[in-house]
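Engineer: Shown below is the structure under consideration.
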Amino acid sequence: MSFNNLDTLYRQVIMDHYKNPRNKGTLGEQSFSVEMNNPSCGDRVQLHLLVEDDVVKDVKFEGEGCSISMSSASMMTTAIKGKKLSEALEMSKIFSDMMLGKEIDETELDLDDIIALQGVSKFPARINCATLAWKAMEKGAKEE
Amino acid sequence: MDVQAIRQQFPILDQEINGKPLVYLDSSATSQKPQSVIDAVDSYYRFANANVHRGVHTLGSRATDLYENAREKVRQFIHADSTAEVIFTRGTTTAINLVASSFGRSNLQAGDEIVLTPMEHHSNIIPWQQAAKATGAKLKYIPLQPDGTVTLDAVRETITNQTKIVAIAHVSNVLGTINPIKEIAEIAHRHGAVIVVDGAQGIPHLEVDVKELNCDFYAFSGHKMCAPTGIGVLYGKRELLENMEPIEFGGEMIDFVHLYDSTWKELPWKFEGGTPIIAGAVGLGAAIDFLSEVGMDAILEHEQKLAAYAMEKMRTIEGISIYGPEHRAALVTFNLDDVHPHDVATVLDAEGIAVRAGHHCAQPLMRWLDVTATARASFYLYNTVEEVDILVDGLLKTKEYFGNVF
């Protein structure tokens, strides 16, 4: 593997989300929060969700971790904002499939930048980094 | 010491990873295994496999002899008085848990103190937290110096007459700090406390003489010293072990079993309930033979050279933070500015270099260092100065790569 192969992991758009995270911060009192750790490496994502009538009105995240976990949190929050919880969960399923290297229909849902993370599936040690924020969202949806 | 000749005895090192020669710098997580250890395990299963301490048949005797020979090799290696003081366990974690659950819970009372340091691995913290919760004892930590060492003054100020147990790493798996065990043991003993040493990162690299250190317990894992995973040792002073109750009950560890009560075998077997990791013990014996033949002095000298060279070279990288003291075991824990350690490890892996990234099972120490994670390059007898150069080169490329993508 050369650094060219690394480019399949570290796409420009991923680095952009890492350097300039979208939806970083907290929400007001009406929101609720869930936290998810990756105990094997110490990465942490805290999600703040504002859900009304089963729709994600707003979402923000805090946390620390590597470029993959933080950019994935940034992309995930961007993607699910305004979506129904059921749609967000469906996206999470598609994302999991993508990480498993399965063929996905990218037109099915508005995955946007997320498709850039497809390369992570070729780096098995990093898949948990990419799925951390999605798992936090699933946990939040369950609690909601 | 001829490093190239040593490398040839480790078949796993002779391979390419991602098109580059493997540079294995994660021996503090687990060491690689020489051919002699692989052969010993293979030969055990081909010619001697049977259960130990039971069979009247020939294989039963062969297996028992091999298993008990391995115990004798451990005894000699650590300079213990008797094989009664050498208990085979699954690893360091199991060994420390045995001390905490047996000795700890029966000797601790409310108000007693267990003294630790913030540099401990989780496996030398959590068993004591649990023992403290069960008994009402409390945990105290010896404060660290800014360079990640402990001073004997700090030890003296922390250990009191209420202290019953001092539990400390021989060598820190993150900082590389080599703790003055003998001196700390003396202070602990003066206050009537016992000292439990987490030797997981000590014994692979340093000559260990448990009598010279005068430690009460010394726990270690085989897999970090060229032996297979799944085998470890708890050394304990005989008079302490005699008065401890087993924590695992069943076959192998009993003397007489009656309907309502049972008695235990003598040491060390009373602590070895169930069929043990026989092949692992045989492999550990072979690893001890291997290390002894190379010589622990020669290994330490080689590693000290590697550590000094790595520190010198890595320090020249702009934007690197290196954690821990100047005088250290052969490992360097570090961070590169603006690159998360996972990303460092992934880019290095693309260059064939294996390093560890994360919290290294030392979350309290990460908080003390005020970082969430670090990367760690750890060396062993088979590593070379050329590999340090490859690492430094890889780190420069990592910086360049992440500099470009931003």
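Ordering of the structure tokens sets the chain letters (A, B, ...); residue numbers start at 1 within each chain; ligands are numbered from 1 in the order shown.
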Pick out the residues sitting within 9 Å of B:Thr263, and hand them over as a PDB file with N, CA, C and O atoms, in the first residue's frame; count only C-alpha atoms, and ignore anything fewer than 3 positions along from it in its own chain.
Structural biologist:
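Full text of part-v9.pdb as output:
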ATOM      1  N   MET B 253      -6.865 -28.537  42.045  1.00  0.00           N
ATOM      2  CA  MET B 253      -6.361 -27.762  43.185  1.00  0.00           C
ATOM      3  C   MET B 253      -6.728 -28.387  44.527  1.00  0.00           C
ATOM      4  O   MET B 253      -6.401 -27.822  45.569  1.00  0.00           O
ATOM      5  N   ILE B 254      -7.353 -29.579  44.502  1.00  0.00           N
ATOM      6  CA  ILE B 254      -7.880 -30.127  45.761  1.00  0.00           C
ATOM      7  C   ILE B 254      -6.997 -31.231  46.334  1.00  0.00           C
ATOM      8  O   ILE B 254      -6.254 -31.887  45.628  1.00  0.00           O
ATOM      9  N   ASP B 255      -7.145 -31.408  47.623  1.00  0.00           N
ATOM     10  CA  ASP B 255      -6.501 -32.511  48.314  1.00  0.00           C
ATOM     11  C   ASP B 255      -7.564 -33.587  48.531  1.00  0.00           C
ATOM     12  O   ASP B 255      -7.608 -34.596  47.840  1.00  0.00           O
ATOM     13  N   PHE B 256      -8.490 -33.358  49.467  1.00  0.00           N
ATOM     14  CA  PHE B 256      -9.620 -34.258  49.665  1.00  0.00           C
ATOM     15  C   PHE B 256     -10.924 -33.510  49.437  1.00  0.00           C
ATOM     16  O   PHE B 256     -11.069 -32.375  49.894  1.00  0.00           O
ATOM     17  N   VAL B 257     -11.843 -34.160  48.760  1.00  0.00           N
ATOM     18  CA  VAL B 257     -13.160 -33.564  48.574  1.00  0.00           C
ATOM     19  C   VAL B 257     -14.194 -34.443  49.264  1.00  0.00           C
ATOM     20  O   VAL B 257     -14.284 -35.643  48.991  1.00  0.00           O
ATOM     21  N   HIS B 258     -14.931 -33.866  50.172  1.00  0.00           N
ATOM     22  CA  HIS B 258     -16.025 -34.555  50.848  1.00  0.00           C
ATOM     23  C   HIS B 258     -17.325 -33.925  50.395  1.00  0.00           C
ATOM     24  O   HIS B 258     -17.321 -32.969  49.624  1.00  0.00           O
TER      25      HIS B 258
END
Engineer: Mind checking which residues fall within 8 Å of A:Met70, counting only C-alpha atoms, ignoring those fewer than 5 positions away in the same chain, and posting them as a VMD selection string?
Structural biologist: chain A and resid 17 to 18 21 63 to 65
Engineer: I need the contact residues of chain A against chain B, so if you could list those with any atom within 12 Å, counting only C-alpha atoms, and return them as a PyMOL selection string, that would help.
Structural biologist: chain A and resi 1-7+9-20+37-44+63-70+120+122-129
Engineer: Residues at most 9 Å from B:Gly202, counting only C-alpha atoms, excluding those fewer than 5 positions away in the same chain, as a short mmCIF file (atom, residue, chain, number, x, y, z; two decimals) with all heavy atoms, in the first residue's frame?
Structural biologist:
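Result written to result_29.cif:
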data_model
loop_
_atom_site.label_atom_id
_atom_site.label_comp_id
_atom_site.auth_asym_id
_atom_site.auth_seq_id
_atom_site.Cartn_x
_atom_site.Cartn_y
_atom_site.Cartn_z
N ALA B 169 3.74 -0.53 39.15
CA ALA B 169 4.36 -1.12 37.96
C ALA B 169 5.88 -1.10 38.10
O ALA B 169 6.44 -0.11 38.59
CB ALA B 169 3.95 -0.35 36.71
N HIS B 170 6.53 -2.16 37.67
CA HIS B 170 7.99 -2.15 37.61
C HIS B 170 8.42 -1.13 36.55
O HIS B 170 9.28 -0.31 36.79
CB HIS B 170 8.50 -3.55 37.26
CG HIS B 170 9.96 -3.74 37.51
ND1 HIS B 170 10.58 -4.95 37.35
CD2 HIS B 170 10.93 -2.89 37.91
CE1 HIS B 170 11.87 -4.82 37.64
NE2 HIS B 170 12.11 -3.59 37.97
N VAL B 171 7.76 -1.23 35.37
CA VAL B 171 8.03 -0.30 34.27
C VAL B 171 6.69 0.18 33.73
O VAL B 171 5.79 -0.64 33.51
CB VAL B 171 8.84 -0.99 33.15
CG1 VAL B 171 8.94 -0.09 31.92
CG2 VAL B 171 10.24 -1.36 33.63
N SER B 172 6.55 1.49 33.51
CA SER B 172 5.30 2.03 32.96
C SER B 172 5.18 1.68 31.48
O SER B 172 6.12 1.89 30.72
CB SER B 172 5.26 3.54 33.13
OG SER B 172 4.35 4.11 32.22
N ILE B 178 11.11 3.54 34.84
CA ILE B 178 11.53 2.35 35.59
C ILE B 178 11.48 2.72 37.07
O ILE B 178 12.23 3.59 37.52
CB ILE B 178 12.95 1.91 35.18
CG1 ILE B 178 13.01 1.65 33.66
CG2 ILE B 178 13.38 0.66 35.95
CD1 ILE B 178 14.42 1.52 33.10
N GLU B 207 16.64 -7.76 34.20
CA GLU B 207 16.93 -8.90 35.06
C GLU B 207 16.09 -8.73 36.33
O GLU B 207 16.15 -7.68 36.98
CB GLU B 207 18.43 -8.89 35.38
CG GLU B 207 18.86 -9.84 36.46
CD GLU B 207 19.27 -11.19 35.88
OE1 GLU B 207 19.87 -11.22 34.80
OE2 GLU B 207 18.96 -12.22 36.52
N VAL B 208 15.29 -9.73 36.67
CA VAL B 208 14.44 -9.62 37.86
C VAL B 208 14.90 -10.63 38.90
O VAL B 208 14.98 -11.83 38.61
CB VAL B 208 12.96 -9.85 37.51
CG1 VAL B 208 12.12 -9.97 38.78
CG2 VAL B 208 12.42 -8.71 36.66
N PHE B 220 3.47 -11.24 36.19
CA PHE B 220 3.87 -10.96 34.81
C PHE B 220 3.22 -11.89 33.81
O PHE B 220 2.62 -12.91 34.17
CB PHE B 220 5.39 -10.95 34.65
CG PHE B 220 6.09 -12.25 34.98
CD1 PHE B 220 6.41 -13.16 33.97
CD2 PHE B 220 6.46 -12.54 36.27
CE1 PHE B 220 7.09 -14.34 34.26
CE2 PHE B 220 7.14 -13.73 36.59
CZ PHE B 220 7.45 -14.62 35.57
N ALA B 329 12.72 2.73 29.84
CA ALA B 329 12.73 1.45 29.13
C ALA B 329 12.56 1.76 27.63
O ALA B 329 12.28 2.89 27.24
CB ALA B 329 11.61 0.57 29.63
#
Engineer: Which residues are close to stretch 90-103 of chain A, i.e. within 7 Å by only C-alpha atoms, leaving aside same-chain residues fewer than 2 positions away? Reply as a ChimeraX atom specification.
Structural biologist: /A:86-88,105,118,120-121,127,134
Engineer: Report as a list in words all protein, DNA and RNA residues lying within 9 Å of A:Asp112, evaluated on only C-alpha atoms, omitting residues in the same chain fewer than 6 positions from it.
Structural biologist: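 Listed by chain and then number, they are Met75, Thr78, Ala79 and Glu106 of chain A.
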Engineer: Taking N, CA, C and O atoms for each residue, export the selection above as a compact mmCIF listing (two decimals), in the first residue's frame.
Structural biologist:
# COMPACT_ATOMS: atom_id res chain seq x y z
N MET A 75 -20.40 14.74 9.54
CA MET A 75 -21.23 14.37 8.38
C MET A 75 -22.57 13.79 8.80
O MET A 75 -23.61 14.08 8.20
N THR A 78 -24.94 16.48 9.93
CA THR A 78 -25.42 17.23 8.76
C THR A 78 -26.50 16.43 8.02
O THR A 78 -27.52 16.99 7.60
N ALA A 79 -26.26 15.13 7.92
CA ALA A 79 -27.17 14.30 7.12
C ALA A 79 -28.53 14.09 7.77
O ALA A 79 -29.54 14.00 7.08
N GLU A 106 -26.56 4.68 -3.51
CA GLU A 106 -26.34 5.99 -2.91
C GLU A 106 -27.41 7.01 -3.28
O GLU A 106 -27.46 8.09 -2.71
Engineer: Residues within 9 Å of B:Arg328, please, as a count of residues only. Count only C-alpha atoms; anything in the same chain fewer than 4 positions from it doesn't count.
Structural biologist: 10
Engineer: So that I can see what lies close to B:Ser61, please list as a PyMOL selection string the residues with an atom at most 12 Å from it, counting only C-alpha atoms and leaving out residues fewer than 4 positions away in the same chain.
Structural biologist: chain B and resi 47-57+65-69
Engineer: Looking at B:Leu139, B:Val282, B:Ala287, B:Val166, which one is nearest to B:Ile126, with distances taken over only C-alpha atoms?
Structural biologist: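 Looking only at the distances to B:Ile126, the closest residue turns out to be B:Leu139.
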Engineer: Write down as a PyMOL selection string the residues of stretch 111-224 of chain B whose backbone DSSP state falls under helix (DSSP H, G or I).
Structural biologist: chain B and resi 122-124+126-135+152-158+181-190+210-213+223-224
Engineer: Output C-alpha atoms for every residue in the selection just made, as a PDB file, in the first residue's frame.
Structural biologist:
ATOM      1  CA  HIS B 122      -5.944  -0.566  34.289  1.00  0.00           C
ATOM      2  CA  SER B 123      -5.161  -4.106  35.426  1.00  0.00           C
ATOM      3  CA  ASN B 124      -3.252  -2.708  38.409  1.00  0.00           C
ATOM      4  CA  ILE B 126      -9.388  -1.880  38.892  1.00  0.00           C
ATOM      5  CA  PRO B 127      -8.708  -5.004  41.009  1.00  0.00           C
ATOM      6  CA  TRP B 128      -7.758  -2.639  43.849  1.00  0.00           C
ATOM      7  CA  GLN B 129     -10.821  -0.445  43.315  1.00  0.00           C
ATOM      8  CA  GLN B 130     -12.941  -3.575  43.640  1.00  0.00           C
ATOM      9  CA  ALA B 131     -11.065  -4.765  46.739  1.00  0.00           C
ATOM     10  CA  ALA B 132     -11.462  -1.297  48.262  1.00  0.00           C
ATOM     11  CA  LYS B 133     -15.199  -1.288  47.562  1.00  0.00           C
ATOM     12  CA  ALA B 134     -15.590  -4.722  49.128  1.00  0.00           C
ATOM     13  CA  THR B 135     -13.626  -3.909  52.286  1.00  0.00           C
ATOM     14  CA  LEU B 152      11.160   8.379  47.184  1.00  0.00           C
ATOM     15  CA  ASP B 153      10.111  11.508  49.095  1.00  0.00           C
ATOM     16  CA  ALA B 154       6.688  11.295  47.459  1.00  0.00           C
ATOM     17  CA  VAL B 155       6.565   7.593  48.303  1.00  0.00           C
ATOM     18  CA  ARG B 156       7.444   8.311  51.949  1.00  0.00           C
ATOM     19  CA  GLU B 157       4.781  11.002  52.139  1.00  0.00           C
ATOM     20  CA  THR B 158       2.078   8.763  50.727  1.00  0.00           C
ATOM     21  CA  ILE B 181      11.023  -1.147  43.370  1.00  0.00           C
ATOM     22  CA  LYS B 182      13.636  -2.170  45.923  1.00  0.00           C
ATOM     23  CA  GLU B 183      13.563   1.214  47.651  1.00  0.00           C
ATOM     24  CA  ILE B 184       9.764   1.441  47.547  1.00  0.00           C
ATOM     25  CA  ALA B 185       9.521  -2.095  48.969  1.00  0.00           C
ATOM     26  CA  GLU B 186      11.735  -1.046  51.860  1.00  0.00           C
ATOM     27  CA  ILE B 187       9.486   1.917  52.664  1.00  0.00           C
ATOM     28  CA  ALA B 188       6.354  -0.225  52.362  1.00  0.00           C
ATOM     29  CA  HIS B 189       7.794  -2.878  54.665  1.00  0.00           C
ATOM     30  CA  ARG B 190       8.778  -0.309  57.245  1.00  0.00           C
ATOM     31  CA  VAL B 210      12.540 -11.127  43.472  1.00  0.00           C
ATOM     32  CA  LYS B 211      14.687 -11.592  46.545  1.00  0.00           C
ATOM     33  CA  GLU B 212      16.934  -8.672  45.692  1.00  0.00           C
ATOM     34  CA  LEU B 213      13.866  -6.492  45.033  1.00  0.00           C
ATOM     35  CA  HIS B 223       3.402 -13.127  25.911  1.00  0.00           C
ATOM     36  CA  LYS B 224       5.395  -9.929  26.412  1.00  0.00           C
TER      37      LYS B 224
END
